[in-house]
$ cat target-v8.txt   # compact mmCIF, C-alpha atoms
# COMPACT_ATOMS: atom_id res chain seq x y z
CA MET A 1 52.82 -50.12 -26.96
CA THR A 2 50.88 -47.13 -25.77
CA HIS A 3 48.99 -47.72 -22.57
CA ILE A 4 45.65 -45.92 -22.30
CA ARG A 5 44.71 -45.03 -18.77
CA LYS A 6 41.12 -45.88 -18.05
CA TYR A 7 38.90 -44.47 -15.30
CA ARG A 8 35.96 -46.17 -13.76
CA ALA A 9 32.74 -44.17 -13.33
CA ASN A 10 33.26 -43.94 -9.59
CA VAL A 11 36.82 -42.62 -9.79
CA ARG A 12 37.04 -39.03 -8.43
CA ILE A 13 39.37 -36.60 -10.11
CA GLY A 14 40.36 -32.96 -9.63
CA ASN A 15 39.43 -31.07 -6.48
CA TRP A 16 36.59 -33.43 -5.69
CA ASN A 17 37.15 -33.21 -1.95
CA GLU A 18 36.94 -29.42 -1.98
CA ASP A 19 33.84 -29.49 -4.21
CA LEU A 20 32.16 -31.94 -1.85
CA ARG A 21 32.96 -29.76 1.16
CA LEU A 22 31.60 -26.66 -0.55
CA THR A 23 28.41 -28.52 -1.44
CA GLU A 24 27.99 -29.72 2.13
CA ASP A 25 28.64 -26.21 3.49
CA ALA A 26 26.07 -24.71 1.12
CA LYS A 27 23.52 -27.33 2.13
CA LYS A 28 24.21 -26.69 5.80
CA GLU A 29 23.84 -22.91 5.33
CA TYR A 30 20.58 -23.44 3.43
CA LEU A 31 19.12 -25.63 6.18
CA GLU A 32 20.17 -23.16 8.89
CA LYS A 33 18.55 -20.25 7.04
CA LYS A 34 15.43 -22.32 6.42
CA GLU A 35 15.17 -23.20 10.11
CA LYS A 36 15.45 -19.50 11.05
CA GLY A 37 13.02 -18.39 8.31
CA GLU A 38 15.75 -16.37 6.59
CA LEU A 39 15.37 -17.70 3.04
CA THR A 40 14.26 -15.01 0.57
CA ILE A 41 11.10 -16.91 -0.33
CA GLN A 42 10.26 -17.29 3.36
CA LYS A 43 10.74 -13.57 3.97
CA VAL A 44 8.51 -12.68 1.02
CA ASP A 45 5.80 -15.07 2.26
CA PHE A 46 6.10 -13.66 5.79
CA LEU A 47 5.83 -10.08 4.49
CA LYS A 48 2.77 -10.83 2.38
CA GLN A 49 1.11 -12.86 5.12
CA ASN A 50 1.32 -9.93 7.52
CA LEU A 51 0.66 -7.02 5.15
CA LEU A 52 -2.32 -8.72 3.49
CA ARG A 53 -3.95 -9.64 6.80
CA PRO A 54 -7.55 -8.30 6.85
CA VAL A 55 -8.26 -5.15 8.85
CA LYS A 56 -11.67 -3.99 10.05
CA LEU A 57 -12.50 -0.51 8.83
CA THR A 58 -14.46 1.98 10.88
CA VAL A 59 -18.25 1.85 10.68
CA THR A 60 -19.49 5.46 10.58
CA SER A 61 -22.89 5.96 12.16
CA ASP A 62 -23.34 9.58 11.05
CA GLY A 63 -21.87 9.34 7.56
CA ARG A 64 -18.90 11.59 8.48
CA LEU A 65 -15.17 11.08 8.82
CA HIS A 66 -13.63 11.36 12.29
CA PHE A 67 -10.19 11.45 13.83
CA GLY A 68 -9.25 7.90 14.70
CA ASP A 69 -11.27 6.38 11.86
CA VAL A 70 -9.62 3.51 9.97
CA VAL A 71 -10.19 3.92 6.23
CA ILE A 72 -8.80 2.95 2.85
CA LEU A 73 -8.12 5.46 0.06
CA VAL A 74 -9.71 4.36 -3.21
CA ASN A 75 -9.26 5.89 -6.65
CA MET A 76 -12.10 4.76 -8.91
CA GLY A 77 -9.86 4.77 -11.98
CA GLY A 78 -10.21 6.40 -15.38
CA GLU A 79 -9.94 5.81 -19.10
CA ASN A 80 -6.57 4.03 -18.89
CA ARG A 81 -6.48 3.26 -15.19
CA GLU A 82 -8.24 0.62 -13.13
CA CYS A 83 -9.75 1.15 -9.71
CA SER A 84 -6.92 1.14 -7.15
CA VAL A 85 -6.17 1.73 -3.48
CA VAL A 86 -3.25 3.48 -1.75
CA SER A 87 -0.99 0.75 -0.40
CA ILE A 88 2.26 0.42 1.52
CA ASN A 89 4.92 -0.52 -1.03
CA THR A 90 7.74 -2.24 0.78
CA ASP A 91 9.90 -5.32 0.29
CA ILE A 92 11.88 -7.70 2.48
CA ASN A 93 14.64 -5.12 2.95
CA SER A 94 12.28 -3.19 5.24
CA LEU A 95 11.64 -6.15 7.53
CA THR A 96 12.84 -5.87 11.11
CA LYS A 97 12.65 -8.20 14.09
CA THR A 98 13.14 -5.66 16.86
CA PRO A 99 11.42 -4.99 19.14
CA SER A 100 8.94 -7.28 17.34
CA PRO A 101 8.48 -8.39 13.71
CA GLY A 102 7.36 -5.56 11.46
CA ILE A 103 8.39 -3.05 8.81
CA GLN A 104 10.49 0.05 9.26
CA ALA A 105 10.58 3.52 7.73
CA PRO A 106 11.02 4.86 5.17
CA CYS A 107 8.16 3.14 3.39
CA GLY A 108 6.92 4.00 -0.09
CA VAL A 109 3.34 3.85 -1.32
CA SER A 110 1.75 2.80 -4.57
CA ALA A 111 -1.80 2.23 -5.84
CA GLY A 112 -2.64 -1.47 -5.84
CA ARG A 113 -5.39 -2.84 -8.03
CA VAL A 114 -6.58 -5.41 -5.48
CA VAL A 115 -8.98 -3.33 -3.41
CA GLN A 116 -9.23 -4.87 0.03
CA ALA A 117 -9.01 -3.68 3.60
CA CYS A 118 -5.78 -5.09 5.02
CA THR A 119 -2.67 -4.02 6.94
CA ARG A 120 -1.15 -2.78 3.71
CA THR A 121 -4.06 -0.50 2.75
CA ALA A 122 -5.63 0.64 6.03
CA PHE A 123 -4.80 4.14 7.31
CA ILE A 124 -5.84 5.99 10.45
CA ILE A 125 -7.04 9.60 10.21
CA THR A 126 -4.78 11.27 12.77
CA SER A 127 -5.09 14.68 14.43
CA VAL A 128 -2.23 17.17 14.14
CA ASP A 129 -3.94 20.18 15.73
CA GLY A 130 -5.09 18.77 19.04
CA SER A 131 -8.55 17.72 17.84
CA PRO A 132 -9.74 14.89 20.09
CA GLU A 133 -10.18 11.40 18.74
CA GLY A 134 -13.75 10.86 17.63
CA SER A 135 -14.32 14.49 16.62
CA MET A 136 -15.30 15.18 13.01
CA LEU A 137 -12.77 16.02 10.31
CA HIS A 138 -13.59 19.21 8.40
CA PHE A 139 -12.79 20.37 4.89
CA GLU A 140 -9.50 22.32 4.77
CA GLN A 141 -8.45 20.96 8.21
CA SER A 142 -4.93 19.56 8.42
CA PHE A 143 -4.54 15.91 9.39
CA ALA A 144 -2.14 13.02 8.95
CA LEU A 145 -2.58 9.49 7.66
CA LYS A 146 -0.69 6.71 9.36
CA THR A 147 -0.69 2.95 9.16
CA THR A 148 -2.20 0.74 11.82
CA SER A 149 -0.09 -0.35 14.78
CA GLY A 150 1.51 -3.76 15.15
CA PHE A 151 3.29 -5.09 12.07
CA ALA A 152 2.79 -1.82 10.13
CA ARG A 153 4.32 0.13 13.04
CA GLY A 154 2.01 3.18 12.80
CA LEU A 155 4.08 4.81 10.06
CA TYR A 156 2.99 8.11 8.54
CA LEU A 157 1.96 8.31 4.88
CA THR A 158 4.63 10.99 4.31
CA SER A 159 8.19 10.70 5.56
CA ASP A 160 8.21 14.34 6.72
CA LEU A 161 6.05 14.47 9.85
CA GLN A 162 5.32 18.14 9.14
CA SER A 163 3.89 17.27 5.73
CA PHE A 164 0.22 16.93 6.51
CA GLN A 165 -2.84 16.62 4.28
CA LYS A 166 -6.18 18.37 4.00
CA ILE A 167 -9.38 17.47 2.18
CA VAL A 168 -11.17 19.75 -0.27
CA HIS A 169 -14.34 19.27 -2.29
CA PHE A 170 -13.66 17.67 -5.69
CA ASP A 171 -15.75 20.30 -7.54
CA PRO A 172 -13.95 23.68 -7.70
CA GLN A 173 -17.26 25.53 -8.10
CA GLU A 174 -18.56 24.13 -4.80
CA ARG A 175 -15.29 24.20 -2.88
CA LEU A 176 -15.84 27.50 -1.11
CA GLU A 177 -19.34 26.48 -0.04
CA TYR A 178 -18.04 23.34 1.69
CA GLU A 179 -15.06 24.97 3.39
CA GLU A 180 -14.83 24.04 7.11
CA LEU A 181 -17.91 21.78 6.92
CA PRO A 182 -17.61 18.15 8.15
CA VAL A 183 -16.20 15.76 5.55
CA PRO A 184 -18.59 12.98 4.49
CA ALA A 185 -17.24 9.45 4.31
CA ASN A 186 -17.36 7.42 1.10
CA VAL A 187 -17.63 10.31 -1.36
CA LYS A 188 -15.22 11.66 -3.95
CA VAL A 189 -12.79 14.29 -2.60
CA LEU A 190 -9.32 15.69 -3.19
CA ILE A 191 -6.49 15.01 -0.72
CA ILE A 192 -4.13 17.98 -0.75
CA HIS A 193 -0.53 17.91 0.45
CA CYS A 194 -0.38 20.98 2.72
CA LYS A 195 3.29 21.74 2.18
CA THR A 196 3.15 21.83 -1.64
CA ASN A 197 -0.59 22.38 -2.20
CA GLN A 198 -0.49 19.50 -4.70
CA ALA A 199 -3.21 16.84 -4.84
CA LEU A 200 -2.62 13.15 -4.21
CA ALA A 201 -2.62 11.37 -7.57
CA ALA A 202 -2.53 7.89 -9.09
CA LEU A 203 -0.50 7.85 -12.32
CA SER A 204 -1.97 5.74 -15.12
CA ASP A 205 1.18 6.00 -17.25
CA GLN A 206 3.53 4.91 -14.46
CA VAL A 207 3.06 1.21 -13.70
CA HIS A 208 5.65 -0.60 -11.59
CA TRP A 209 6.27 -4.22 -10.71
CA THR A 210 6.16 -4.66 -6.94
CA THR A 211 6.21 -7.62 -4.58
CA TYR A 212 2.43 -7.56 -4.95
CA GLY A 213 2.20 -7.32 -8.75
CA LYS A 214 1.73 -4.41 -11.17
CA GLU A 215 0.75 -1.20 -9.41
CA TYR A 216 0.38 2.50 -10.21
CA GLU A 217 2.76 5.14 -8.93
CA VAL A 218 1.31 7.50 -6.31
CA THR A 219 2.56 11.07 -6.07
CA ALA A 220 1.52 14.59 -5.08
CA HIS A 221 0.67 16.34 -8.34
CA THR A 222 -2.47 18.18 -9.45
CA PHE A 223 -3.81 17.26 -12.90
CA LEU A 224 -6.14 19.92 -14.35
CA ASP A 225 -8.45 19.65 -17.35
CA SER A 226 -9.30 22.43 -19.80
CA HIS A 227 -11.84 23.82 -17.30
CA LYS A 228 -9.22 24.08 -14.53
CA ALA A 229 -10.87 21.24 -12.61
CA GLU A 230 -8.88 18.36 -11.15
CA GLN A 231 -8.93 15.17 -13.20
CA ASP A 232 -9.87 11.69 -11.97
CA ASN A 233 -6.21 10.95 -11.14
CA ASN A 234 -6.79 13.22 -8.12
CA HIS A 235 -10.21 11.89 -7.07
CA TRP A 236 -10.19 9.72 -3.94
CA ILE A 237 -12.80 8.10 -1.72
CA LEU A 238 -12.01 7.56 1.96
CA CYS A 239 -13.91 4.32 2.44
CA THR A 240 -15.40 3.00 5.65
CA SER A 241 -17.14 -0.29 6.34
CA ASP A 242 -20.74 -1.16 5.69
CA PRO A 243 -22.59 -1.29 9.05
CA ALA A 244 -23.95 -4.70 8.07
CA GLY A 245 -20.43 -5.98 7.52
CA ASN A 246 -21.08 -6.79 3.85
CA GLY A 247 -18.15 -4.83 2.44
CA LEU A 248 -16.94 -1.34 1.69
CA VAL A 249 -19.30 1.60 1.51
CA LEU A 250 -18.89 3.50 -1.75
CA LEU A 251 -21.74 5.99 -1.96
CA ASN A 252 -20.15 7.94 -4.77
CA HIS A 253 -21.55 9.84 -7.71
CA PRO A 254 -23.83 8.20 -10.34
CA GLN A 255 -21.14 7.73 -12.97
CA SER A 256 -19.31 5.33 -10.64
CA ALA A 257 -22.39 3.52 -9.32
CA ALA A 258 -21.77 0.36 -11.35
CA ASN A 259 -18.14 0.19 -10.26
CA ASN A 260 -19.13 0.90 -6.66
CA LYS A 261 -21.64 -1.96 -6.63
CA GLU A 262 -19.14 -4.40 -8.13
CA LEU A 263 -16.38 -3.28 -5.77
CA THR A 264 -18.57 -3.51 -2.67
CA GLN A 265 -19.66 -7.03 -3.55
CA ALA A 266 -16.17 -8.16 -4.46
CA THR A 267 -14.31 -6.87 -1.41
CA PRO A 268 -15.94 -7.94 1.86
CA VAL A 269 -14.32 -6.59 5.00
CA ILE A 270 -13.59 -9.36 7.45
$ encode --input "target-v8.txt" --output "structure tokens"
Amino acid sequence: MTHIRKYRANVRIGNWNEDLRLTEDAKKEYLEKKEKGELTIQKVDFLKQNLLRPVKLTVTSDGRLHFGDVVILVNMGGENRECSVVSINTDINSLTKTPSPGIQAPCGVSAGRVVQACTRTAFIITSVDGSPEGSMLHFEQSFALKTTSGFARGLYLTSDLQSFQKIVHFDPQERLEYEELPVPANVKVLIIHCKTNQALAALSDQVHWTTYGKEYEVTAHTFLDSHKAEQDNNHWILCTSDPAGNGLVLLNHPQSAANNKELTQATPVI
């Protein structure tokens, strides 16, 4: 007679002891990482919490831009491109704990479609020629843009510290007239990369998934129309805060008035 071996449901077979130990080790490692805040989801939350923290922009009393001003760089968009703002584009691989929690260079940038003044989007207009803080920025004058201190570490917009920017009037026919005059805040301008003489641009046909959602690629490239004038990819507004604290000031040209009103109401600066 053939005897059939039967197993009860609670009978353990195979390398059950090893499997149990591996499971317990994995659970222990998970709990240790969770306690230290080292889980991937915790790092992502920590990064977002710090980079999306509201920042107060400068309130300009004379309508001009100055060295030391804290601004955001807004592109009002175009036919196939939404309004966007230059933003630090970094992930958890850039996190560092020394000497204090923050991000480290190199750091990329992109154009995010959530226009708000926060650690990720706020930049300081920084002198590179000895101009004192508080003095006015002029058209064609070299300057640098760097992030705020603290978590963002005061990183420069470009990785090459000798690669500075300058601002020129957006209309080529009026450019010479405005040369060396003070730069107004909250109006459309071009931001030129001094080393290559190419204009800062948001690319409508280059959309990337980032930690913060879909965003446009930002590069230094001048886009010209049939009249040899720069296209809206290259048009930027260096935005300051409304003196009343109601939001961003966007005193741009009439064609963008509706967008400006909507944007100002939708993005209060805390």
$ atom_distance --input "target-v8.txt" --atom1 "atom CA of A:Leu203" --atom2 "atom CA of A:Asn233"
6.6 Å
$ closest_residue --input "target-v8.txt" --among "A:Arg175, A:Lys214, A:Lys166, A:Arg113" --to "A:Thr196" --atoms "only C-alpha atoms"
A:Lys166
$ residues_around --input "target-v8.txt" --residues "A:Pro172" --least-positions-apart "6" --cutoff "9 Å" --atoms "only C-alpha atoms" --output "number ranges by chain"
A: 228-230
$ residues_around --input "target-v8.txt" --residues "stretch 210-212 of chain A" --least-positions-apart "4" --cutoff "8 Å" --atoms "all atoms listed in the file" --output "VMD selection string"
chain A and resid 44 89 to 91 112
$ residues_around --input "target-v8.txt" --residues "stretch 128-140 of chain A" --least-positions-apart "4" --cutoff "12 Å" --atoms "only C-alpha atoms" --output "ChimeraX atom specification"
/A:58,60-70,124,144-146,156,161-170,174-185,189-194,197,238
